[in-house]
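Note: the block below is target-v4.cif and it holds mmCIF, C-alpha atoms.
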data_protein
loop_
_atom_site.label_atom_id
_atom_site.label_comp_id
_atom_site.auth_asym_id
_atom_site.auth_seq_id
_atom_site.Cartn_x
_atom_site.Cartn_y
_atom_site.Cartn_z
CA MET A 1285 26.54 56.12 156.44
CA GLN A 1286 29.76 57.89 157.35
CA ALA A 1287 30.64 57.99 161.03
CA GLU A 1288 31.04 61.34 162.75
CA VAL A 1289 34.82 60.95 162.93
CA LEU A 1290 36.90 58.37 161.04
CA ARG A 1291 40.13 57.21 162.68
CA PHE A 1292 43.09 56.93 160.29
CA ALA A 1293 46.58 55.49 160.58
CA ILE A 1294 49.54 55.94 158.26
CA MET A 1295 52.28 53.46 157.38
CA GLY A 1296 55.41 55.40 156.50
CA GLY A 1297 56.43 58.79 157.86
CA GLY A 1298 58.48 60.01 154.91
CA LEU A 1299 57.73 62.95 152.62
CA ILE A 1300 54.42 61.72 151.22
CA GLY A 1301 53.40 60.18 154.56
CA ARG A 1302 53.81 63.58 156.24
CA GLU A 1303 51.72 65.20 153.50
CA HIS A 1304 48.93 62.72 154.12
CA ALA A 1305 49.20 63.43 157.85
CA ALA A 1306 48.82 67.18 157.28
CA LEU A 1307 45.85 66.61 154.99
CA ILE A 1308 44.07 64.38 157.52
CA ALA A 1309 44.72 66.94 160.25
CA ALA A 1310 43.10 69.65 158.13
CA THR A 1311 40.03 67.58 157.19
CA PRO A 1312 36.82 67.71 159.28
CA GLY A 1313 35.60 64.25 160.22
CA ALA A 1314 39.08 62.70 159.99
CA ASP A 1315 41.39 61.96 162.92
CA LEU A 1316 44.99 60.76 162.60
CA VAL A 1317 45.55 58.32 165.49
CA ALA A 1318 48.86 56.63 164.63
CA ILE A 1319 51.90 56.50 162.34
CA ALA A 1320 54.06 53.39 161.94
CA ASP A 1321 57.67 53.83 160.86
CA PRO A 1322 60.90 52.50 162.45
CA ALA A 1323 62.77 55.74 161.76
CA PRO A 1324 63.38 57.57 165.08
CA ALA A 1325 62.61 60.96 163.48
CA VAL A 1326 59.04 59.87 162.78
CA LYS A 1327 58.30 59.86 166.53
CA LEU A 1328 58.49 63.65 166.39
CA VAL A 1329 56.27 63.72 163.30
CA ALA A 1330 53.64 61.63 165.06
CA SER A 1331 53.85 63.86 168.13
CA GLU A 1332 53.38 66.94 165.97
CA PHE A 1333 50.03 65.58 164.77
CA GLY A 1334 48.96 64.20 168.14
CA ALA A 1335 49.27 60.61 166.91
CA ARG A 1336 50.87 57.54 168.48
CA HIS A 1337 54.14 56.34 167.02
CA TYR A 1338 54.73 52.65 166.31
CA LEU A 1339 57.89 50.92 165.13
CA ASP A 1340 55.95 48.28 163.18
CA TYR A 1341 52.58 48.46 161.48
CA GLN A 1342 51.37 45.01 162.57
CA THR A 1343 51.30 46.11 166.20
CA MET A 1344 49.74 49.43 165.23
CA LEU A 1345 46.90 47.71 163.35
CA ASP A 1346 46.19 45.29 166.19
CA GLU A 1347 46.28 47.85 168.98
CA MET A 1348 44.67 50.86 167.29
CA ARG A 1349 42.17 49.15 164.95
CA PRO A 1350 41.84 52.24 162.75
CA ASP A 1351 38.90 52.72 160.38
CA GLY A 1352 41.25 53.25 157.44
CA VAL A 1353 44.97 53.14 156.66
CA ILE A 1354 47.14 55.10 154.23
CA ILE A 1355 50.19 53.15 153.03
CA ALA A 1356 53.14 55.37 152.08
CA LEU A 1357 55.96 52.82 152.29
CA PRO A 1358 58.63 51.90 149.70
CA ASN A 1359 57.17 50.18 146.61
CA ALA A 1360 58.37 46.70 147.58
CA LEU A 1361 56.35 46.85 150.82
CA HIS A 1362 53.03 48.00 149.37
CA ALA A 1363 51.43 44.61 148.74
CA GLN A 1364 52.55 43.14 152.07
CA ALA A 1365 51.23 46.13 154.02
CA ALA A 1366 47.92 46.21 152.13
CA THR A 1367 47.47 42.48 152.75
CA ALA A 1368 47.94 43.06 156.49
CA CYS A 1369 45.06 45.56 156.34
CA ILE A 1370 42.88 43.19 154.33
CA GLU A 1371 43.44 40.37 156.82
CA ARG A 1372 42.04 42.64 159.53
CA GLY A 1373 39.14 43.92 157.42
CA ILE A 1374 40.55 47.47 157.30
CA PRO A 1375 40.18 49.50 154.06
CA CYS A 1376 43.43 51.04 152.83
CA LEU A 1377 44.74 53.63 150.41
CA VAL A 1378 48.04 52.36 149.00
CA GLU A 1379 50.32 54.77 147.18
CA LYS A 1380 51.21 53.85 143.60
CA PRO A 1381 52.34 51.49 142.30
CA VAL A 1382 49.94 49.00 143.85
CA ALA A 1383 52.89 46.57 144.14
CA ASP A 1384 56.45 46.24 142.89
CA THR A 1385 55.75 43.14 140.76
CA LEU A 1386 52.76 41.78 138.88
CA GLU A 1387 52.85 38.61 140.95
CA ALA A 1388 52.54 40.60 144.17
CA ALA A 1389 49.79 42.74 142.64
CA MET A 1390 47.82 39.65 141.58
CA ASP A 1391 48.07 38.16 145.06
CA LEU A 1392 46.85 41.45 146.54
CA VAL A 1393 43.92 41.66 144.11
CA THR A 1394 42.91 38.09 144.95
CA ALA A 1395 43.07 38.76 148.69
CA ALA A 1396 41.09 42.03 148.45
CA GLU A 1397 38.36 40.60 146.25
CA ARG A 1398 38.05 37.38 148.23
CA ALA A 1399 37.72 39.24 151.54
CA ASP A 1400 35.62 42.05 150.01
CA VAL A 1401 37.83 44.68 151.68
CA PRO A 1402 38.30 47.85 149.59
CA VAL A 1403 41.75 48.91 148.42
CA LEU A 1404 42.13 52.36 146.85
CA VAL A 1405 45.32 52.91 144.82
CA GLY A 1406 46.81 56.39 145.14
CA HIS A 1407 46.70 57.54 141.53
CA GLN A 1408 45.65 60.96 142.77
CA ARG A 1409 45.37 62.56 139.33
CA ARG A 1410 42.10 60.71 138.72
CA HIS A 1411 40.65 62.90 141.47
CA SER A 1412 41.77 66.10 139.71
CA PRO A 1413 38.94 68.06 138.04
CA ASP A 1414 40.71 68.35 134.65
CA ILE A 1415 41.22 64.58 134.36
CA ALA A 1416 37.66 63.81 135.48
CA ARG A 1417 36.18 66.40 133.08
CA ALA A 1418 38.23 65.17 130.12
CA LYS A 1419 36.91 61.64 130.66
CA GLN A 1420 33.36 62.96 130.80
CA LEU A 1421 33.74 65.08 127.66
CA ILE A 1422 35.06 62.12 125.67
CA GLU A 1423 32.45 59.71 127.02
CA ASP A 1424 29.67 62.20 126.22
CA GLY A 1425 30.85 62.44 122.61
CA HIS A 1426 32.03 66.06 122.56
CA LEU A 1427 35.17 65.02 120.65
CA GLY A 1428 33.32 62.58 118.42
CA ARG A 1429 35.20 59.32 118.07
CA LEU A 1430 38.59 59.52 119.76
CA VAL A 1431 41.32 59.16 117.16
CA GLY A 1432 44.60 59.94 118.88
CA VAL A 1433 46.30 61.26 121.98
CA ASN A 1434 49.69 62.78 122.69
CA ALA A 1435 51.16 63.05 126.19
CA MET A 1436 54.38 64.48 127.58
CA TRP A 1437 56.16 64.21 130.90
CA LEU A 1438 59.41 66.14 130.66
CA ALA A 1439 61.35 67.51 133.64
CA ASP A 1440 64.92 67.97 134.84
CA LYS A 1441 65.61 66.13 138.09
CA PRO A 1442 68.67 67.50 139.95
CA GLU A 1443 71.76 65.40 140.69
CA PRO A 1444 71.11 65.10 144.45
CA TYR A 1445 67.81 63.35 143.64
CA PHE A 1446 69.88 60.33 142.61
CA ASP A 1447 71.87 60.14 145.83
CA ALA A 1448 69.33 57.49 146.83
CA ALA A 1449 70.75 54.36 145.21
CA TRP A 1450 67.36 52.78 144.45
CA ARG A 1451 66.60 55.63 142.00
CA ARG A 1452 69.56 54.51 139.87
CA GLN A 1453 68.57 50.84 139.86
CA ALA A 1454 65.90 48.68 138.23
CA GLY A 1455 62.45 49.79 139.30
CA GLY A 1456 63.66 53.26 140.26
CA GLY A 1457 63.49 54.97 136.88
CA PRO A 1458 60.94 57.51 135.65
CA LEU A 1459 58.80 54.86 133.95
CA LEU A 1460 57.68 53.43 137.29
CA ILE A 1461 58.02 56.63 139.32
CA ASN A 1462 56.54 59.22 136.95
CA LEU A 1463 55.11 57.88 133.70
CA ILE A 1464 52.89 55.44 135.58
CA HIS A 1465 50.70 58.41 136.52
CA ASP A 1466 50.32 59.50 132.89
CA ILE A 1467 49.58 55.96 131.74
CA ASP A 1468 46.96 55.67 134.47
CA CYS A 1469 45.34 58.93 133.30
CA LEU A 1470 45.29 57.76 129.67
CA ARG A 1471 43.74 54.42 130.67
CA PHE A 1472 41.14 56.24 132.76
CA ILE A 1473 40.23 58.75 130.04
CA CYS A 1474 40.68 56.70 126.87
CA GLY A 1475 40.21 53.08 127.96
CA ASP A 1476 42.57 50.14 128.19
CA ILE A 1477 45.82 50.06 126.21
CA ALA A 1478 46.04 46.94 124.05
CA GLU A 1479 49.61 47.24 122.80
CA VAL A 1480 52.74 49.32 123.34
CA MET A 1481 56.00 49.88 121.47
CA ALA A 1482 58.76 51.74 123.27
CA PHE A 1483 62.27 53.04 122.83
CA THR A 1484 64.14 53.81 126.06
CA SER A 1485 67.49 55.48 126.64
CA ASN A 1486 69.90 56.05 129.53
CA SER A 1487 72.35 58.08 127.45
CA VAL A 1488 72.21 61.25 129.56
CA ARG A 1489 73.18 59.77 132.94
CA GLY A 1490 74.28 56.24 132.06
CA PHE A 1491 72.45 54.72 135.04
CA GLU A 1492 71.04 51.19 135.08
CA VAL A 1493 67.58 52.71 134.65
CA GLU A 1494 66.22 54.76 131.75
CA ASP A 1495 66.20 58.55 131.78
CA SER A 1496 64.15 59.00 128.59
CA ALA A 1497 61.57 57.11 126.56
CA SER A 1498 59.25 57.44 123.58
CA VAL A 1499 56.20 55.19 123.51
CA SER A 1500 53.58 54.36 120.89
CA LEU A 1501 50.20 53.17 122.18
CA ARG A 1502 47.28 51.29 120.64
CA PHE A 1503 44.08 51.51 122.65
CA SER A 1504 41.44 48.79 122.67
CA SER A 1505 39.04 51.34 121.14
CA GLY A 1506 41.23 51.62 118.03
CA ALA A 1507 42.64 55.03 118.97
CA VAL A 1508 46.41 55.47 118.88
CA GLY A 1509 48.77 57.60 120.94
CA THR A 1510 52.31 58.72 121.61
CA VAL A 1511 54.10 59.55 124.84
CA LEU A 1512 57.42 61.37 125.28
CA MET A 1513 59.07 61.14 128.69
CA SER A 1514 62.36 62.26 130.23
CA ASP A 1515 63.57 63.24 133.68
CA ALA A 1516 66.67 64.86 132.16
CA ALA A 1517 65.00 67.58 130.05
CA VAL A 1518 64.10 71.15 130.99
CA SER A 1519 60.43 71.63 130.13
CA PRO A 1520 57.08 72.93 131.41
CA HIS A 1521 55.34 70.07 129.59
CA ASN A 1522 54.41 67.77 132.44
CA TRP A 1523 51.13 67.49 134.30
CA ASP A 1524 52.73 68.05 137.72
CA THR A 1525 53.66 71.67 136.99
CA ALA A 1526 51.10 72.40 134.26
CA ALA A 1527 48.01 71.52 136.32
CA GLY A 1528 49.07 73.34 139.47
CA GLN A 1529 47.92 70.31 141.47
CA ALA A 1530 51.27 68.83 142.52
CA LEU A 1531 52.43 69.21 146.12
CA TYR A 1532 56.07 70.09 145.52
CA PHE A 1533 56.22 72.07 142.25
CA PRO A 1534 55.39 75.63 141.17
CA HIS A 1535 52.50 76.11 138.76
CA GLN A 1536 53.74 76.59 135.18
CA PRO A 1537 50.61 76.99 132.98
CA GLU A 1538 51.07 74.80 129.91
CA ASN A 1539 49.66 71.59 128.45
CA ALA A 1540 50.72 67.99 128.87
CA TYR A 1541 47.92 66.00 127.15
CA PHE A 1542 46.33 66.48 123.74
CA PHE A 1543 43.24 64.51 122.66
CA SER A 1544 41.98 64.54 119.07
CA GLY A 1545 38.65 63.22 117.83
CA THR A 1546 36.48 63.30 114.73
CA LYS A 1547 34.58 66.38 116.02
CA ALA A 1548 36.98 68.28 118.27
CA ALA A 1549 40.35 68.43 120.05
CA LEU A 1550 41.03 68.97 123.75
CA ALA A 1551 44.20 70.12 125.53
CA LEU A 1552 44.90 69.46 129.21
CA PRO A 1553 45.20 70.94 131.72
CA SER A 1554 44.29 74.23 130.00
CA MET A 1555 40.91 72.69 129.08
CA ASP A 1556 40.84 74.36 125.66
CA LEU A 1557 38.36 72.64 123.32
CA TRP A 1558 38.89 73.26 119.59
CA LYS A 1559 36.19 72.50 117.01
CA HIS A 1560 34.60 73.74 113.79
CA GLU A 1561 32.00 76.46 114.18
CA THR A 1562 29.37 74.21 112.59
CA GLU A 1563 28.94 70.45 112.24
CA GLU A 1564 29.59 70.86 108.50
CA GLY A 1565 32.89 72.66 109.09
CA HIS A 1566 35.61 72.16 106.46
CA TRP A 1567 39.20 71.38 107.36
CA GLN A 1568 40.27 74.69 105.81
CA ASP A 1569 37.79 76.67 107.91
CA PRO A 1570 39.02 78.37 111.10
CA LEU A 1571 38.56 76.47 114.34
CA VAL A 1572 36.78 77.95 117.35
CA ARG A 1573 38.37 77.65 120.79
CA ARG A 1574 36.15 77.23 123.86
CA HIS A 1575 37.47 77.08 127.40
CA VAL A 1576 35.91 74.39 129.58
CA THR A 1577 35.57 75.61 133.16
CA LEU A 1578 36.46 73.46 136.18
CA ASP A 1579 35.39 73.52 139.83
CA GLY A 1580 38.82 74.50 141.19
CA SER A 1581 39.02 71.54 143.57
CA ARG A 1582 42.30 69.92 144.63
CA ALA A 1583 43.30 66.38 143.68
CA TYR A 1584 44.69 65.28 147.06
CA VAL A 1585 41.79 66.81 148.96
CA ASN A 1586 39.34 65.06 146.64
CA GLN A 1587 41.22 61.78 147.01
CA LEU A 1588 40.97 61.87 150.81
CA ALA A 1589 37.28 62.80 150.65
CA HIS A 1590 36.72 59.83 148.34
CA PHE A 1591 38.70 57.51 150.60
CA MET A 1592 36.58 58.59 153.55
CA LYS A 1593 33.48 57.55 151.61
CA VAL A 1594 35.13 54.23 150.76
CA VAL A 1595 35.98 53.63 154.42
CA ALA A 1596 32.42 54.50 155.43
CA GLY A 1597 31.02 52.07 152.86
CA ASP A 1598 29.41 54.83 150.80
CA ALA A 1599 31.55 54.43 147.66
CA LYS A 1600 33.59 51.91 145.70
CA PRO A 1601 37.29 52.74 145.09
CA LEU A 1602 37.74 54.92 142.01
CA VAL A 1603 41.05 53.10 141.47
CA SER A 1604 40.71 49.52 142.70
CA ALA A 1605 43.58 47.14 143.30
CA ARG A 1606 42.70 45.38 140.02
CA ASP A 1607 42.68 48.69 138.15
CA GLY A 1608 46.04 49.63 139.67
CA MET A 1609 47.39 46.23 138.63
CA MET A 1610 46.45 46.90 134.99
CA THR A 1611 48.23 50.26 135.06
CA LEU A 1612 51.29 48.53 136.53
CA ALA A 1613 51.08 45.86 133.81
CA THR A 1614 51.02 48.55 131.12
CA ILE A 1615 54.12 50.25 132.53
CA LEU A 1616 55.95 46.91 132.79
CA ALA A 1617 54.94 46.17 129.18
CA ILE A 1618 56.51 49.49 128.15
CA ALA A 1619 59.70 48.59 130.03
CA ARG A 1620 59.82 45.17 128.35
CA SER A 1621 59.19 46.69 124.93
CA GLY A 1622 62.08 49.09 125.48
CA ARG A 1623 64.41 46.24 126.44
CA GLU A 1624 63.34 43.84 123.69
CA ARG A 1625 62.59 46.38 120.92
CA ARG A 1626 59.24 44.83 120.04
CA PRO A 1627 55.51 45.47 120.57
CA VAL A 1628 54.12 44.11 123.86
CA ASN A 1629 50.51 43.49 124.89
CA PRO A 1630 50.03 44.31 128.61
CA ALA A 1631 47.46 41.51 128.92
CA ASP A 1632 50.14 38.99 127.92
CA LEU A 1633 52.10 39.73 131.07
#
Structure translated into structure tokens:
Amino acid sequence: MQAEVLRFAIMGGGLIGREHAALIAATPGADLVAIADPAPAVKLVASEFGARHYLDYQTMLDEMRPDGVIIALPNALHAQAATACIERGIPCLVEKPVADTLEAAMDLVTAAERADVPVLVGHQRRHSPDIARAKQLIEDGHLGRLVGVNAMWLADKPEPYFDAAWRRQAGGGPLLINLIHDIDCLRFICGDIAEVMAFTSNSVRGFEVEDSASVSLRFSSGAVGTVLMSDAAVSPHNWDTAAGQALYFPHQPENAYFFSGTKAALALPSMDLWKHETEEGHWQDPLVRRHVTLDGSRAYVNQLAHFMKVVAGDAKPLVSARDGMMTLATILAIARSGRERRPVNPADL
């Protein structure tokens, strides 16, 4: 059963770390007790939330012994920080990606499963009501057999965004920063992806990393899909703005995902379901549009509520370390396919 108040600590006091701090502060039954980050400015952040400030997370974990930890560090530090929590038997929520390499992710999965300490990966979209409802509709057969899916993530990042050198270098492109969320959603809703074929381009900016990509997908179920991605294109067609769930973007009502089955089609996040009026409907007959209502809940709020249940031992992680590793493997397969111009099976990695 959940304790009256759960004590949380955060590793990393940057932008997303501060958002997690504000969310914990606003949540009944949650108490932020510490933030670990060597940056001097984070001492003021910790003070603002009534939390202790630590320069290193090892000392913080040993002295504070929190009930749960949120890891909002740079990608390369995720696995190491999560392992430190596991060694102390402390459940953690680690921001995506679960690790920066598959080797590090595999080591983390092994450690978590061997110690039986839960790790929740921060693919927050899975906690959004549109994503959860789409999965349910497809599993319940409302679309019939899933045939195909189309997804888009198109946005125009400004030049100052790339002042940080790591965003211009390997591992800092939109595949690993942005598209990983969409791939995770498609895996969650449609099942595992068996094979990918990708074309990537850096022609707009000429950086070491890609700025655009088109990807063909083959799901284990037999369904197929396409994904178009760019962080150099003006567009409302990305889940972050279309769903109105993102922390830093205005709501621009549009669609980013389209699912087609043998009985119906579904668009997200508008939640418009298109189907024939009768089961015997002909392809030349008009389609009927029905809007699927949602509960209006917020993805990040739902994610924290779920993590609290995980910490209390009342739930298993919706996105386990192993699940996060498979999403990472799929993204790395897309990157390899783009480099080598050939189909790649994520399981082969």
Show which residues sit within 8 Å of stretch 1393-1395 of chain A, as a short mmCIF file (atom, residue, chain, number, x, y, z; two decimals) with C-alpha atoms, in the coordinates of the input. Count only C-alpha atoms, and ignore same-chain residues fewer than 2 positions away.
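Final output, saved to out-v3.cif:
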data_model
loop_
_atom_site.label_atom_id
_atom_site.label_comp_id
_atom_site.auth_asym_id
_atom_site.auth_seq_id
_atom_site.Cartn_x
_atom_site.Cartn_y
_atom_site.Cartn_z
CA THR A 1367 47.47 42.48 152.75
CA ILE A 1370 42.88 43.19 154.33
CA ALA A 1389 49.79 42.74 142.64
CA MET A 1390 47.82 39.65 141.58
CA ASP A 1391 48.07 38.16 145.06
CA GLU A 1397 38.36 40.60 146.25
CA ARG A 1398 38.05 37.38 148.23
CA ALA A 1399 37.72 39.24 151.54
CA ALA A 1605 43.58 47.14 143.30
CA ARG A 1606 42.70 45.38 140.02
CA MET A 1609 47.39 46.23 138.63
#
field: Picked residues, the PyMOL selection byres ((chain A and resi 1377) around 9), expected as JSON, numbers by chain
entry: {"A": [1352, 1353, 1354, 1355, 1356, 1366, 1375, 1376, 1378, 1379, 1402, 1403, 1404, 1405, 1406, 1591]}
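Closest approach to A:Val1433 from the set A:Ile1294, A:Leu1345, A:Leu1512, A:Ala1309 is made by A:Leu1512, with distances taken over all atoms listed in the file.
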Exercise: stretch 1451-1464 of chain A partners within 6 Å, all atoms listed in the file, chain neighbours under 6 positions left out, as a PyMOL selection string: chain A and resi 1491-1494
Expand the PyMOL selection byres ((chain A and resi 1414) around 12) into the explicit residue set it covers here, and present it as a compact mmCIF listing (two decimals) with C-alpha atoms, in the frame of the given file.
# COMPACT_ATOMS: atom_id res chain seq x y z
CA ARG A 1409 45.37 62.56 139.33
CA ARG A 1410 42.10 60.71 138.72
CA HIS A 1411 40.65 62.90 141.47
CA SER A 1412 41.77 66.10 139.71
CA PRO A 1413 38.94 68.06 138.04
CA ILE A 1415 41.22 64.58 134.36
CA ALA A 1416 37.66 63.81 135.48
CA ARG A 1417 36.18 66.40 133.08
CA ALA A 1418 38.23 65.17 130.12
CA LYS A 1419 36.91 61.64 130.66
CA GLN A 1420 33.36 62.96 130.80
CA LEU A 1421 33.74 65.08 127.66
CA CYS A 1469 45.34 58.93 133.30
CA ILE A 1473 40.23 58.75 130.04
CA TRP A 1523 51.13 67.49 134.30
CA ALA A 1526 51.10 72.40 134.26
CA ALA A 1527 48.01 71.52 136.32
CA GLY A 1528 49.07 73.34 139.47
CA GLN A 1529 47.92 70.31 141.47
CA ASN A 1539 49.66 71.59 128.45
CA ALA A 1540 50.72 67.99 128.87
CA TYR A 1541 47.92 66.00 127.15
CA LEU A 1550 41.03 68.97 123.75
CA ALA A 1551 44.20 70.12 125.53
CA LEU A 1552 44.90 69.46 129.21
CA PRO A 1553 45.20 70.94 131.72
CA SER A 1554 44.29 74.23 130.00
CA MET A 1555 40.91 72.69 129.08
CA ASP A 1556 40.84 74.36 125.66
CA HIS A 1575 37.47 77.08 127.40
CA VAL A 1576 35.91 74.39 129.58
CA THR A 1577 35.57 75.61 133.16
CA LEU A 1578 36.46 73.46 136.18
CA ASP A 1579 35.39 73.52 139.83
CA GLY A 1580 38.82 74.50 141.19
CA SER A 1581 39.02 71.54 143.57
CA ARG A 1582 42.30 69.92 144.63
CA ALA A 1583 43.30 66.38 143.68
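Running the PyMOL selection byres ((chain A and resi 1348) around 10) on this file leaves Arg1291, Phe1292, Ala1293, Val1317, Ala1318, Arg1336, Thr1343, Met1344, Leu1345, Asp1346, Glu1347, Arg1349, Pro1350 and Asp1351 of chain A selected.
Using all atoms listed in the file for every distance, the candidate list A:Phe1472, A:Trp1450, A:Phe1542, A:Phe1533 yields A:Phe1472 as the residue closest to A:Gly1608.
Here atom CA of A:Tyr1532 stands at a distance of 14.4 Å from atom CA of A:Leu1307.
With distances taken over all atoms listed in the file, A:Leu1633 is the one residue among A:Ala1320, A:Leu1633, A:Leu1602, A:Ala1360 lying closest to A:Ala1619.
Across the structure, atom CA of A:Asn1629 and atom CA of A:Leu1501 are spaced 10.1 Å apart.
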- prompt: Which protein, DNA or RNA residues are at most 9 Å from (56.9, 49.5, 148.9) in the file's coordinates when you count all atoms listed in the file, listed as an NGL selection string?
  reply: :A and (1355-1365 or 1379-1384)
Quick one: what's the axis-aligned box for stretch 1462-1481 of chain A, all listed atoms, 5 Å on every side, centre and edges in Å to one decimal, as JSON?
{"center_x": 48.4, "center_y": 53.2, "center_z": 129.2, "size_x": 26.3, "size_y": 22.6, "size_z": 25.5}
field: Two-atom distance - atom CA of A:Arg1429, atom CA of A:Val1499 (Å)
entry: 22.1 Å
Which stretch 1287-1329 of chain A residues have any atom within 12 Å of an atom of stretch 1595-1601 of chain A, and for each, what is the nearest pair of atoms with distance in Å to one decimal, counting only C-alpha atoms, rows sorted by chain and number, as CSV?
residue,atom,partner,partner_atom,distance
A:Ala1287,CA,A:Ala1596,CA,6.8
A:Glu1288,CA,A:Ala1596,CA,10.1
A:Val1289,CA,A:Ala1596,CA,10.2
A:Leu1290,CA,A:Ala1596,CA,8.2
A:Arg1291,CA,A:Val1595,CA,9.9
A:Phe1292,CA,A:Val1595,CA,9.8
A:Gly1313,CA,A:Ala1596,CA,11.3
A:Ala1314,CA,A:Val1595,CA,11.1
- request: Would you mind telling me which residue in A:Glu1564, A:Asp1440, A:Asp1607, A:Glu1479 lies nearest to A:His1407 when using all atoms listed in the file?
  value: A:Asp1607
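Compared by their closest atoms to A:Lys1547, and using only C-alpha atoms, the residues A:Asp1447, A:Glu1371, A:Phe1503, A:Val1431 rank with A:Val1431 nearest.
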field: Contact residues around A:Arg1573 with only C-alpha atoms at 8 Å, ignoring same-chain residues under 3 positions, as a list in words
entry: Asp1556, Leu1557, Trp1558 and Lys1559 of chain A
